[in-house]
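Notes follow once the structure below has been shown.
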Amino acid sequence: MTLDIAHLRSWIGRQETREDRVLPIPVAALSATLDRADPPPRDGDALPPLWHWLYFLTLARASELGEDGHERRGDFLPPVPLPRRMWAGSRFSFRQPLHVGERIRRNSIVADVSVKEGRTGSLVFVLVRHTISGEQGVALTEEHDIVYRSPPAPGEQPPPPRPAPPDPAWRREIVADAVLLFRYSALTFNAHRIHIERDYAVRHDGYPGLVVHGPLLATLLLDLLRRNSAQVVTSFRFRAVRPLFDTVPFAVCGRVDEAGKIMLWAQDAQGFLCMEAEAAVQ
């Protein structure tokens with residue numbers, strides 16, 4: 001497949017703005033999905049970091065969806081012709097919290113589009129920058145890395161796994177079943193079929209089961225920190241390393257390293273690293 005990179009790069013600079021309100025029901029629903037015993041949310045309660053993903057949802061009509069369940073490309077995001085799409089990572093700077101009941105705005109811009117040749121073919125990377133504001137001004141900034149990949153080749157093998165860091169100070173086992181993935185998909189209005197339709201994930205994308213959402217993993221990592229520390233998160237970054245599936249439980253782990261950095265990661269049942277992250281607090 002020939003990629004017209006000049007055409008795809010013409011999307012650089014494209015912008016969109018969305019407005020929403022931090023309603024309490026999605027907050028309560030995500031709390032239940034994460035198995036938290038939080039009290040019912042009230043107006044004025046601070047929204048935990050990353051929970052802004054419950055808002056600014058893409059409400060594409062059914063006729064506007066592609067085969068994979070995502071909205072068709074070519075509007076805000078460039079029309080990359082490669083079929084497999086993955087949330088590769090993100091970086092965040094938190095200035096102040098958003099609050100339940102608050103009116104919020106997200107300004108987004110396509111910051112870069114690039115092509116690299118990987119072990120299994122072409123990879124297209126799209127960088128999107130978001131600025132999220134509440135009624136008191138900018139609350140956080142986010143850089144979102146999206147990667148598009150070729151379909152799996154017959155007999156394609158994943159790259160060699162990396163062992164997860166040893167001796168976590170905090171560890172929580174997560175049952176990655178279809179119920180958890182369905183709930184998170186519903187809360188974020190995510191119809192990507194690799195998360196909710198096993199036959200599609202296995203037959204079309206060559207996965208062994210349903211794929212755990214990258215944003216869900218990142219949310220679980222910061223939720224682990226929240227369960228073990230009352231400090232305020234000022235920055236966070238994560239990178240997807242290896243996919244996780246609903247076939248076996250996995251673990252979210254963390255510790256403070258020698259330099260005082262908070263290291264967080266997700267690992268599979270064999271102890272291999274699947275997501276790595278770092279947080280700063282005050």
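Residue numbering restarts at 1 in every chain; chains get A, B, ... in the order shown in the structure tokens, and ligands count up from 1 in that same order.
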Phe92 of chain A surroundings by only C-alpha atoms, 9 Å radius, close-in-sequence under 6 positions cut, as a PyMOL selection string: chain A and resi 50+140-144+234-237
Just N, CA, C and O atoms for this one: save the residues we selected as an mmCIF file, in the first residue's frame.
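Full text of out_7.cif as output:
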```cif
data_model
loop_
_atom_site.group_PDB
_atom_site.id
_atom_site.type_symbol
_atom_site.label_atom_id
_atom_site.label_comp_id
_atom_site.auth_asym_id
_atom_site.auth_seq_id
_atom_site.Cartn_x
_atom_site.Cartn_y
_atom_site.Cartn_z
ATOM 1 N N LEU A 50 -7.311 12.164 34.503
ATOM 2 C CA LEU A 50 -7.657 11.333 33.341
ATOM 3 C C LEU A 50 -9.157 11.085 33.208
ATOM 4 O O LEU A 50 -9.598 10.589 32.162
ATOM 5 N N LEU A 140 -5.697 21.435 32.170
ATOM 6 C CA LEU A 140 -4.652 20.481 31.817
ATOM 7 C C LEU A 140 -4.369 20.548 30.337
ATOM 8 O O LEU A 140 -5.195 21.015 29.539
ATOM 9 N N THR A 141 -3.183 20.092 29.969
ATOM 10 C CA THR A 141 -2.817 19.909 28.569
ATOM 11 C C THR A 141 -2.464 18.443 28.363
ATOM 12 O O THR A 141 -1.983 17.774 29.275
ATOM 13 N N GLU A 142 -2.721 17.974 27.162
ATOM 14 C CA GLU A 142 -2.503 16.555 26.844
ATOM 15 C C GLU A 142 -1.924 16.430 25.440
ATOM 16 O O GLU A 142 -2.393 17.081 24.498
ATOM 17 N N GLU A 143 -0.899 15.620 25.303
ATOM 18 C CA GLU A 143 -0.387 15.217 23.999
ATOM 19 C C GLU A 143 -0.723 13.745 23.809
ATOM 20 O O GLU A 143 -0.407 12.916 24.666
ATOM 21 N N HIS A 144 -1.351 13.440 22.699
ATOM 22 C CA HIS A 144 -1.886 12.100 22.433
ATOM 23 C C HIS A 144 -1.208 11.530 21.196
ATOM 24 O O HIS A 144 -1.257 12.135 20.125
ATOM 25 N N THR A 234 0.709 16.282 39.324
ATOM 26 C CA THR A 234 0.983 17.478 38.517
ATOM 27 C C THR A 234 1.352 17.133 37.077
ATOM 28 O O THR A 234 1.178 17.958 36.177
ATOM 29 N N SER A 235 1.887 15.948 36.849
ATOM 30 C CA SER A 235 2.179 15.524 35.485
ATOM 31 C C SER A 235 2.136 14.006 35.422
ATOM 32 O O SER A 235 2.301 13.315 36.437
ATOM 33 N N PHE A 236 1.923 13.513 34.221
ATOM 34 C CA PHE A 236 1.808 12.071 34.022
ATOM 35 C C PHE A 236 2.115 11.773 32.571
ATOM 36 O O PHE A 236 1.760 12.550 31.677
ATOM 37 N N ARG A 237 2.793 10.683 32.344
ATOM 38 C CA ARG A 237 3.024 10.225 30.985
ATOM 39 C C ARG A 237 2.990 8.705 30.967
ATOM 40 O O ARG A 237 3.368 8.064 31.947
#
```
Who sits within 10 Å of Leu3 of chain A, only C-alpha atoms, same chain under 4 positions skipped, as a count of residues only: 8
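Within the 12 Å cut-off around segment 197-199 of chain A, using only C-alpha atoms and omitting residues fewer than 5 positions from it on the same chain, the listed residues are Asp68, Gly69, Asp177, Ala178, Val179, Leu181, Phe182, Ser185, Ala191, His192, His204, Asp205, Gly206, Tyr207, Pro208, Gly209, Leu210, Val211, Val212, Phe245, Asp246 and Thr247 of chain A.
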6 Å contact set for segment 11-19 of chain A, only C-alpha atoms, chain neighbours under 3 positions out, as a list in words: Leu8, Pro78, Ile104, Arg105, Arg106, Asn107, Ser108, Ile109, Val110, Ala111 and Asp112 of chain A
Residue neighbourhood segment 262-271 of chain A, 10 Å, only C-alpha atoms, exclusion window fewer than 6 positions, as a PyMOL selection string: chain A and resi 161-166+168+170-174+217-218+220-222+224-225+236-245+248-256+277-281
Strand (DSSP E) positions in segment 82-157 of chain A, given as a ChimeraX atom specification: /A:84-94,103-118,121-134,137-149
Segment 14-117 of chain A: residues DSSP assigns to alpha helix (DSSP H), reported as a ChimeraX atom specification: /A:24-33
Could you write out the selected residues, including N, CA and C atoms, as a compact mmCIF listing (two decimals), in the first residue's frame?
```
# COMPACT_ATOMS: atom_id res chain seq x y z
N PRO A 24 -22.46 14.29 36.81
CA PRO A 24 -22.06 13.35 37.85
C PRO A 24 -22.23 11.88 37.50
N ILE A 25 -23.18 11.53 36.64
CA ILE A 25 -23.44 10.11 36.37
C ILE A 25 -22.22 9.40 35.79
N PRO A 26 -21.53 9.95 34.77
CA PRO A 26 -20.32 9.26 34.29
C PRO A 26 -19.26 9.08 35.37
N VAL A 27 -19.14 10.05 36.27
CA VAL A 27 -18.17 9.93 37.37
C VAL A 27 -18.53 8.75 38.28
N ALA A 28 -19.78 8.66 38.65
CA ALA A 28 -20.23 7.56 39.50
C ALA A 28 -20.08 6.22 38.78
N ALA A 29 -20.36 6.21 37.48
CA ALA A 29 -20.27 4.96 36.71
C ALA A 29 -18.83 4.49 36.58
N LEU A 30 -17.87 5.41 36.34
CA LEU A 30 -16.48 4.99 36.26
C LEU A 30 -15.97 4.54 37.62
N SER A 31 -16.40 5.19 38.67
CA SER A 31 -16.03 4.76 40.01
C SER A 31 -16.47 3.31 40.24
N ALA A 32 -17.69 2.98 39.84
CA ALA A 32 -18.17 1.61 39.99
C ALA A 32 -17.39 0.66 39.10
N THR A 33 -17.05 1.09 37.88
CA THR A 33 -16.30 0.25 36.96
C THR A 33 -14.93 -0.09 37.51
```
Among listed residues A:Ile196, A:Ala139, A:Ala176, A:Val202, nearest His99 of chain A (using only C-alpha atoms): A:Ala139
Contacts of Leu123 of chain A at 8 Å (only C-alpha atoms; same-chain gap of 6+ positions) as a list in words: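 Contacts, with the query itself left out: Val115, Lys116, Glu117, Val147, Tyr148, Arg149 and Ser150 of chain A.
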Once you have the residues from the selection above, write them out as a tab-separated table (two decimals), in the first residue's frame, restricted to N, CA, C and O atoms.
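part_5.tsv, written as the output of this step:
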```
chain	number	residue	atom	x	y	z
A	115	VAL	N	5.74	9.17	9.23
A	115	VAL	CA	5.75	7.77	8.81
A	115	VAL	C	7.09	7.16	9.17
A	115	VAL	O	8.14	7.79	8.99
A	116	LYS	N	7.05	5.94	9.71
A	116	LYS	CA	8.27	5.19	9.99
A	116	LYS	C	8.10	3.78	9.46
A	116	LYS	O	6.97	3.27	9.36
A	117	GLU	N	9.21	3.17	9.13
A	117	GLU	CA	9.18	1.77	8.70
A	117	GLU	C	9.53	0.91	9.89
A	117	GLU	O	10.61	1.03	10.47
A	147	VAL	N	-1.01	5.64	16.68
A	147	VAL	CA	-0.21	4.94	15.67
A	147	VAL	C	-1.15	4.05	14.84
A	147	VAL	O	-2.05	3.40	15.38
A	148	TYR	N	-0.93	4.07	13.54
A	148	TYR	CA	-1.68	3.24	12.60
A	148	TYR	C	-0.71	2.22	12.01
A	148	TYR	O	0.42	2.56	11.64
A	149	ARG	N	-1.17	0.99	11.89
A	149	ARG	CA	-0.31	-0.11	11.44
A	149	ARG	C	-0.96	-0.89	10.32
A	149	ARG	O	-2.18	-0.88	10.14
A	150	SER	N	-0.12	-1.62	9.58
A	150	SER	CA	-0.60	-2.51	8.53
A	150	SER	C	-1.33	-3.70	9.15
A	150	SER	O	-1.15	-4.00	10.34
```
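Atom pair atom CA of Tyr55 of chain A / atom CA of Ser93 of chain A: separated by 18.0 Å.
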